[in-house]
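Asks: Sharing protein_16.cif (mmCIF, C-alpha atoms) below.
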data_work
#
loop_
_atom_site.group_PDB
_atom_site.id
_atom_site.type_symbol
_atom_site.label_atom_id
_atom_site.label_comp_id
_atom_site.auth_asym_id
_atom_site.auth_seq_id
_atom_site.Cartn_x
_atom_site.Cartn_y
_atom_site.Cartn_z
ATOM 1 C CA LYS A 698 14.626 -31.424 28.540
ATOM 2 C CA HIS A 699 15.683 -29.536 25.477
ATOM 3 C CA ILE A 700 18.563 -27.126 25.780
ATOM 4 C CA LEU A 701 18.505 -24.140 23.469
ATOM 5 C CA THR A 702 21.931 -23.198 22.156
ATOM 6 C CA LEU A 703 22.638 -20.050 20.234
ATOM 7 C CA GLN A 704 24.932 -20.336 17.260
ATOM 8 C CA GLN A 705 27.618 -17.728 17.162
ATOM 9 C CA PRO A 706 27.779 -15.664 13.974
ATOM 10 C CA GLN A 707 30.505 -16.741 11.601
ATOM 11 C CA HIS A 708 31.546 -13.170 10.912
ATOM 12 C CA ALA A 709 31.259 -10.027 12.990
ATOM 13 C CA GLY A 710 31.305 -6.349 12.133
ATOM 14 C CA LEU A 711 31.497 -5.204 8.536
ATOM 15 C CA ALA A 712 32.503 -8.686 7.365
ATOM 16 C CA GLY A 713 29.328 -10.137 8.866
ATOM 17 C CA LEU A 714 27.250 -7.386 7.295
ATOM 18 C CA GLY A 715 28.832 -8.072 3.924
ATOM 19 C CA THR A 716 28.146 -11.812 4.263
ATOM 20 C CA HIS A 717 24.520 -11.164 5.164
ATOM 21 C CA LEU A 718 24.045 -8.780 2.238
ATOM 22 C CA GLY A 719 25.632 -11.359 -0.038
ATOM 23 C CA HIS A 720 22.960 -13.877 0.936
ATOM 24 C CA GLU A 721 20.023 -11.483 0.863
ATOM 25 C CA TRP A 722 20.939 -9.103 -1.965
ATOM 26 C CA VAL A 723 18.178 -10.406 -4.272
ATOM 27 C CA VAL A 724 15.426 -9.671 -1.745
ATOM 28 C CA ILE A 725 16.954 -6.326 -0.758
ATOM 29 C CA PHE A 726 17.246 -5.064 -4.332
ATOM 30 C CA ASN A 727 13.774 -6.376 -5.091
ATOM 31 C CA LEU A 728 12.388 -4.417 -2.136
ATOM 32 C CA LEU A 729 14.259 -1.249 -3.136
ATOM 33 C CA GLY A 730 12.927 -1.568 -6.668
ATOM 34 C CA LEU A 731 9.435 -2.086 -5.330
ATOM 35 C CA LEU A 732 9.578 1.021 -3.133
ATOM 36 C CA LEU A 733 11.037 3.184 -5.892
ATOM 37 C CA GLY A 734 8.604 1.888 -8.494
ATOM 38 C CA PHE A 735 5.507 2.430 -6.379
ATOM 39 C CA ALA A 736 6.747 5.869 -5.275
ATOM 40 C CA LEU A 737 7.116 6.920 -8.918
ATOM 41 C CA LEU A 738 3.722 5.408 -9.712
ATOM 42 C CA ALA A 739 2.058 7.314 -6.862
ATOM 43 C CA ARG A 740 3.688 10.548 -8.028
ATOM 44 C CA HIS A 741 2.598 9.867 -11.599
ATOM 45 C CA PHE A 742 -0.935 9.196 -10.367
ATOM 46 C CA GLU A 743 -1.015 12.465 -8.400
ATOM 47 C CA GLU A 744 0.198 14.569 -11.332
ATOM 48 C CA ARG A 745 -2.573 13.235 -13.576
ATOM 49 C CA ASP A 746 -5.036 15.367 -11.521
ATOM 50 C CA VAL A 747 -7.222 12.348 -10.741
ATOM 51 C CA PRO A 748 -7.208 13.073 -6.962
ATOM 52 C CA LYS A 749 -8.406 16.629 -7.658
ATOM 53 C CA VAL A 750 -11.812 15.388 -8.778
ATOM 54 C CA LEU A 751 -12.397 13.461 -5.535
ATOM 55 C CA PRO A 752 -13.945 16.479 -3.707
ATOM 56 C CA ARG A 753 -16.786 16.373 -6.228
ATOM 57 C CA TYR A 754 -17.802 12.925 -5.053
ATOM 58 C CA LEU A 755 -16.691 12.739 -1.412
ATOM 59 C CA PRO A 756 -18.577 14.395 1.460
ATOM 60 C CA ASP A 757 -16.995 17.676 2.556
ATOM 61 C CA ASP A 758 -17.061 16.751 6.247
ATOM 62 C CA TRP A 759 -15.198 14.106 8.246
ATOM 63 C CA LYS A 760 -16.958 11.368 6.293
ATOM 64 C CA GLY A 761 -14.949 12.365 3.224
ATOM 65 C CA ALA A 762 -11.695 11.677 5.060
ATOM 66 C CA PHE A 763 -13.192 8.412 6.288
ATOM 67 C CA ALA A 764 -14.164 7.440 2.736
ATOM 68 C CA LEU A 765 -10.584 7.991 1.562
ATOM 69 C CA LEU A 766 -9.321 5.612 4.247
ATOM 70 C CA ALA A 767 -11.922 3.083 3.099
ATOM 71 C CA ILE A 768 -10.654 3.450 -0.484
ATOM 72 C CA VAL A 769 -7.112 2.685 0.686
ATOM 73 C CA PHE A 770 -8.435 -0.318 2.637
ATOM 74 C CA VAL A 771 -10.065 -1.717 -0.513
ATOM 75 C CA LEU A 772 -7.050 -0.937 -2.726
ATOM 76 C CA SER A 773 -4.818 -2.879 -0.365
ATOM 77 C CA SER A 774 -6.946 -5.985 -0.777
ATOM 78 C CA PHE A 775 -5.590 -6.494 -4.298
ATOM 79 C CA LEU A 776 -2.491 -4.272 -4.323
ATOM 80 C CA ASP A 777 0.586 -4.502 -2.169
ATOM 81 C CA ASN A 778 0.069 -2.535 1.056
ATOM 82 C CA ILE A 779 3.040 -0.296 0.206
ATOM 83 C CA ALA A 780 1.429 0.682 -3.096
ATOM 84 C CA ALA A 781 -1.943 1.332 -1.435
ATOM 85 C CA ALA A 782 -0.338 3.533 1.218
ATOM 86 C CA LEU A 783 1.629 5.566 -1.346
ATOM 87 C CA ILE A 784 -1.376 6.071 -3.612
ATOM 88 C CA GLY A 785 -3.516 6.979 -0.600
ATOM 89 C CA GLY A 786 -0.890 9.470 0.519
ATOM 90 C CA ALA A 787 -0.834 11.038 -2.938
ATOM 91 C CA MET A 788 -4.628 11.400 -2.883
ATOM 92 C CA ALA A 789 -4.623 12.864 0.632
ATOM 93 C CA HIS A 790 -1.846 15.315 -0.309
ATOM 94 C CA THR A 791 -4.070 16.777 -3.022
ATOM 95 C CA LEU A 792 -7.427 16.347 -1.313
ATOM 96 C CA PHE A 793 -6.447 18.273 1.833
ATOM 97 C CA ASN A 794 -4.429 21.004 0.095
ATOM 98 C CA LYS A 795 -1.042 19.611 1.204
ATOM 99 C CA LYS A 796 -2.081 19.765 4.877
ATOM 100 C CA VAL A 797 -2.297 16.190 6.124
ATOM 101 C CA HIS A 798 -2.214 15.568 9.864
ATOM 102 C CA ILE A 799 0.404 13.114 11.134
ATOM 103 C CA GLY A 800 -2.370 11.095 12.772
ATOM 104 C CA TYR A 801 -4.144 10.759 9.437
ATOM 105 C CA ILE A 802 -0.917 9.629 7.771
ATOM 106 C CA ALA A 803 -0.664 6.899 10.403
ATOM 107 C CA ALA A 804 -4.283 5.968 9.672
ATOM 108 C CA LEU A 805 -3.471 5.670 5.947
ATOM 109 C CA VAL A 806 -0.667 3.231 6.738
ATOM 110 C CA ALA A 807 -2.915 1.299 9.123
ATOM 111 C CA ALA A 808 -5.694 1.109 6.521
ATOM 112 C CA SER A 809 -3.278 -0.220 3.891
ATOM 113 C CA ASN A 810 -2.063 -2.933 6.250
ATOM 114 C CA ALA A 811 -5.551 -3.856 7.483
ATOM 115 C CA GLY A 812 -6.920 -4.085 3.951
ATOM 116 C CA GLY A 813 -4.287 -6.605 2.894
ATOM 117 C CA SER A 814 -4.492 -8.814 5.957
ATOM 118 C CA GLY A 815 -7.153 -11.119 4.537
ATOM 119 C CA SER A 816 -5.863 -11.275 0.984
ATOM 120 C CA VAL A 817 -2.984 -13.353 -0.362
ATOM 121 C CA VAL A 818 -2.112 -10.630 -2.888
ATOM 122 C CA GLY A 819 -2.539 -7.672 -0.553
ATOM 123 C CA ASP A 820 0.282 -8.181 1.907
ATOM 124 C CA THR A 821 3.811 -9.559 1.763
ATOM 125 C CA THR A 822 3.223 -11.873 4.740
ATOM 126 C CA THR A 823 0.040 -13.436 3.361
ATOM 127 C CA THR A 824 1.671 -13.761 -0.059
ATOM 128 C CA MET A 825 4.555 -15.723 1.455
ATOM 129 C CA MET A 826 2.029 -17.941 3.260
ATOM 130 C CA TRP A 827 0.339 -18.539 -0.087
ATOM 131 C CA ILE A 828 3.674 -19.494 -1.628
ATOM 132 C CA GLU A 829 4.160 -22.080 1.126
ATOM 133 C CA GLY A 830 0.851 -23.752 0.260
ATOM 134 C CA VAL A 831 -1.688 -22.038 2.533
ATOM 135 C CA ASN A 832 -5.100 -21.863 0.870
ATOM 136 C CA ALA A 833 -6.197 -18.350 -0.124
ATOM 137 C CA GLY A 834 -9.458 -18.806 1.772
ATOM 138 C CA ASP A 835 -7.672 -19.590 5.015
ATOM 139 C CA VAL A 836 -6.676 -15.944 5.538
ATOM 140 C CA LEU A 837 -10.088 -14.392 4.793
ATOM 141 C CA HIS A 838 -11.146 -14.558 8.446
ATOM 142 C CA ALA A 839 -8.511 -11.915 9.195
ATOM 143 C CA TYR A 840 -10.908 -9.341 7.737
ATOM 144 C CA VAL A 841 -13.165 -9.726 10.789
ATOM 145 C CA ALA A 842 -10.538 -8.234 13.080
ATOM 146 C CA ALA A 843 -9.239 -5.902 10.357
ATOM 147 C CA ALA A 844 -12.685 -4.375 9.763
ATOM 148 C CA ALA A 845 -13.239 -3.847 13.481
ATOM 149 C CA ALA A 846 -9.806 -2.244 13.841
ATOM 150 C CA PHE A 847 -10.486 -0.043 10.814
ATOM 151 C CA PHE A 848 -13.473 1.622 12.443
ATOM 152 C CA VAL A 849 -11.540 2.064 15.700
ATOM 153 C CA PHE A 850 -8.746 4.124 14.123
ATOM 154 C CA ALA A 851 -10.443 5.528 10.999
ATOM 155 C CA ILE A 852 -13.223 7.493 12.696
ATOM 156 C CA PRO A 853 -10.994 9.404 15.186
ATOM 157 C CA ALA A 854 -8.356 10.024 12.507
ATOM 158 C CA SER A 855 -10.990 11.351 10.085
ATOM 159 C CA LEU A 856 -12.439 13.694 12.694
ATOM 160 C CA GLN A 857 -8.937 14.920 13.523
ATOM 161 C CA GLN A 858 -8.074 15.521 9.869
ATOM 162 C CA HIS A 859 -11.344 17.393 9.300
ATOM 163 C CA ARG A 860 -10.532 19.762 12.149
ATOM 164 C CA TYR A 861 -6.980 20.213 10.864
ATOM 165 C CA SER A 862 -7.726 20.693 7.149
ATOM 166 C CA PRO A 863 -11.207 19.880 5.811
ATOM 167 C CA ILE A 864 -12.055 18.920 2.250
ATOM 168 C CA THR A 865 -12.906 21.999 0.198
ATOM 169 C CA LYS A 866 -15.168 21.608 -2.801
ATOM 170 C CA ASP A 867 -14.074 23.826 -5.706
ATOM 171 C CA VAL A 868 -16.844 23.476 -8.256
ATOM 172 C CA THR A 869 -15.750 26.520 -10.276
ATOM 173 C CA ARG A 870 -12.343 25.125 -11.198
ATOM 174 C CA GLN A 871 -12.112 23.235 -14.459
ATOM 175 C CA ILE A 872 -10.038 20.067 -14.077
ATOM 176 C CA VAL A 873 -8.884 18.166 -17.127
ATOM 177 C CA ILE A 874 -7.760 14.588 -16.492
ATOM 178 C CA ASP A 875 -5.100 13.087 -18.712
ATOM 179 C CA TRP A 876 -6.885 9.805 -19.367
ATOM 180 C CA THR A 877 -4.037 8.362 -21.429
ATOM 181 C CA ARG A 878 -1.563 8.664 -18.583
ATOM 182 C CA THR A 879 -4.211 7.494 -16.135
ATOM 183 C CA ALA A 880 -4.660 4.380 -18.261
ATOM 184 C CA VAL A 881 -0.900 3.803 -18.042
ATOM 185 C CA VAL A 882 -1.116 3.888 -14.233
ATOM 186 C CA VAL A 883 -4.019 1.422 -14.238
ATOM 187 C CA PHE A 884 -2.152 -0.860 -16.646
ATOM 188 C CA LEU A 885 0.975 -0.872 -14.476
ATOM 189 C CA LEU A 886 -1.064 -1.694 -11.361
ATOM 190 C CA ALA A 887 -2.878 -4.487 -13.192
ATOM 191 C CA ALA A 888 0.459 -5.811 -14.458
ATOM 192 C CA ALA A 889 1.847 -5.846 -10.910
ATOM 193 C CA VAL A 890 -1.145 -7.799 -9.602
ATOM 194 C CA GLY A 891 -1.124 -10.151 -12.575
ATOM 195 C CA THR A 892 2.586 -10.851 -12.197
ATOM 196 C CA ASN A 893 2.105 -11.576 -8.508
ATOM 197 C CA VAL A 894 -0.679 -14.080 -9.153
ATOM 198 C CA ILE A 895 0.938 -15.809 -12.146
ATOM 199 C CA VAL A 896 4.357 -16.198 -10.512
ATOM 200 C CA ASN A 897 2.955 -17.493 -7.228
ATOM 201 C CA LEU A 898 0.620 -19.972 -8.916
ATOM 202 C CA ASN A 899 2.932 -21.297 -11.607
ATOM 203 C CA PHE A 900 6.466 -20.686 -10.353
ATOM 204 C CA PRO A 901 6.387 -21.007 -6.542
ATOM 205 C CA GLU A 902 10.071 -21.974 -6.316
ATOM 206 C CA GLN A 903 11.146 -18.783 -8.062
ATOM 207 C CA ALA A 904 8.635 -16.736 -6.072
ATOM 208 C CA GLU A 905 10.386 -17.688 -2.845
ATOM 209 C CA HIS A 906 13.356 -15.616 -3.997
ATOM 210 C CA PHE A 907 11.119 -12.664 -4.853
ATOM 211 C CA PRO A 908 8.635 -12.373 -1.967
ATOM 212 C CA PHE A 909 7.922 -8.709 -2.637
ATOM 213 C CA ILE A 910 6.656 -9.043 -6.229
#
Could you write out this structure as structure tokens?
Replies:
Amino acid sequence: KHILTLQQPQHAGLAGLGTHLGHEWVVIFNLLGLLLGFALLARHFEERDVPKVLPRYLPDDWKGAFALLAIVFVLSSFLDNIAAALIGGAMAHTLFNKKVHIGYIAALVAASNAGGSGSVVGDTTTTMMWIEGVNAGDVLHAYVAAAAAFFVFAIPASLQQHRYSPITKDVTRQIVIDWTRTAVVVFLLAAAVGTNVIVNLNFPEQAEHFPFI
């Protein structure tokens, strides 16, 4: 029989917290930088008026809200799920005239997590598995369950959002997109993905200290 023994913490209270932060400060600051960077990127993306042209191409019923969730799902397959959720939130904020139902916000987060589940560059957990030597193809089967779950939550959330604040097509308004700034956003996203892939393939030891790249 094996007896499980719990090791007592070496330090308690504020001293223990300080010791823990001393060991994990690299990951914590990396995560904070990631959140701040993607938040600024999502805001920058929203202010470029790109989301304002979406009503021209999306259906103006519940299927438009569903299509936006599908876009977030796909974005999360090659972006970090945090980035996909923030960009999706920025698009929804504009698309639904700043009236986004709490249930639809939850669906955006769920779509960003589901979309990254089968990709080694779409989710922190799968990326860490990749760093440890798991083949990229070994996580693809997760998309079977993720796709099924997507339809389960996306359809009700889209119907709910349509009742709360539907998409309104405004064909008379002239929208001018700042393509230069939009290109900057695309470049930064491509740089983030490229850095993730290059570091994990060529410098796995260093990547272990930066699991949120």
Asks: When you count all atoms listed in the file, which of these residues is closest to Ile799 (chain A): A:Val883, A:Gly786, A:Arg753, A:Gly715?
Replies: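 Closest residue, counting all atoms listed in the file: A:Gly786.
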Asks: Name all residues at most 7 Å from region 759-773 of chain A (count all atoms listed in the file; drop same-chain ones fewer than 6 positions away) and give them as a list in words.
Replies: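 So, after excluding close chain neighbours, the residues are Ala781, Ala782, Gly785, Leu805, Ala808, Ser809, Ala811, Gly812, Gly813, Gly819, Ala851, Ile852, Ser855, Leu856 and His859 of chain A.
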Asks: Considering only C-alpha atoms, return as a count of residues only whatever protein or nucleic-acid residues lie within 9 Å of Asn832 (chain A), sequence-local ones (same chain, fewer than 5 positions apart) excluded.
Replies: 3
Asks: Name the residues that the PyMOL selection byres ((chain A and resi 800) around 8) picks from the file above, as a JSON list (two decimals) with C-alpha atoms, in the frame of the given file, using the file's chain letters and numbers.
Replies:
[["chain", "number", "residue", "atom", "x", "y", "z"],
["A", 798, "HIS", "CA", -2.21, 15.57, 9.86],
["A", 799, "ILE", "CA", 0.40, 13.11, 11.13],
["A", 801, "TYR", "CA", -4.14, 10.76, 9.44],
["A", 802, "ILE", "CA", -0.92, 9.63, 7.77],
["A", 803, "ALA", "CA", -0.66, 6.90, 10.40],
["A", 804, "ALA", "CA", -4.28, 5.97, 9.67],
["A", 854, "ALA", "CA", -8.36, 10.02, 12.51],
["A", 857, "GLN", "CA", -8.94, 14.92, 13.52],
["A", 858, "GLN", "CA", -8.07, 15.52, 9.87]]
Asks: Could you work out an axis-aligned box for region 826-838 of chain A, taking every atom the file lists and adding 5 Å on each side, and report centre and edge lengths in Å to one decimal, as JSON?
Replies:
{"center_x": -3.5, "center_y": -19.1, "center_z": 3.4, "size_x": 25.3, "size_y": 19.4, "size_z": 20.1}
Asks: How far is it from CA of Phe850 (chain A) to CA of Asp835 (chain A), in Å with one decimal?
Replies: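 These two atoms are separated by 25.4 Å.
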Asks: Find, counting all atoms listed in the file, the residue in A:Leu776, A:Ala787, A:Leu885, A:Val818 that gets nearest to Val836 (chain A).
Replies: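 So, comparing all the options, the nearest one is A:Val818.
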Asks: So how many Å separate CA of Thr865 (chain A) and CA of Leu792 (chain A), to one decimal?
Replies: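 Atom-to-atom, CA of Thr865 (chain A) and CA of Leu792 (chain A) are spaced 8.0 Å apart.
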Asks: Select, from A:Phe847, A:Trp722, A:Phe793, A:Phe884, the residue with the minimum atom-to-atom distance to Asp758 (chain A), counting all atoms listed in the file.
Replies: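 Using all atoms listed in the file, Asp758 (chain A) sits closest to A:Phe793.
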Asks: Could you work out how far CA of Asp820 (chain A) lies from CA of Asp777 (chain A), giving the answer in Å with one decimal?
Replies: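 Those two atoms sit 5.5 Å apart.
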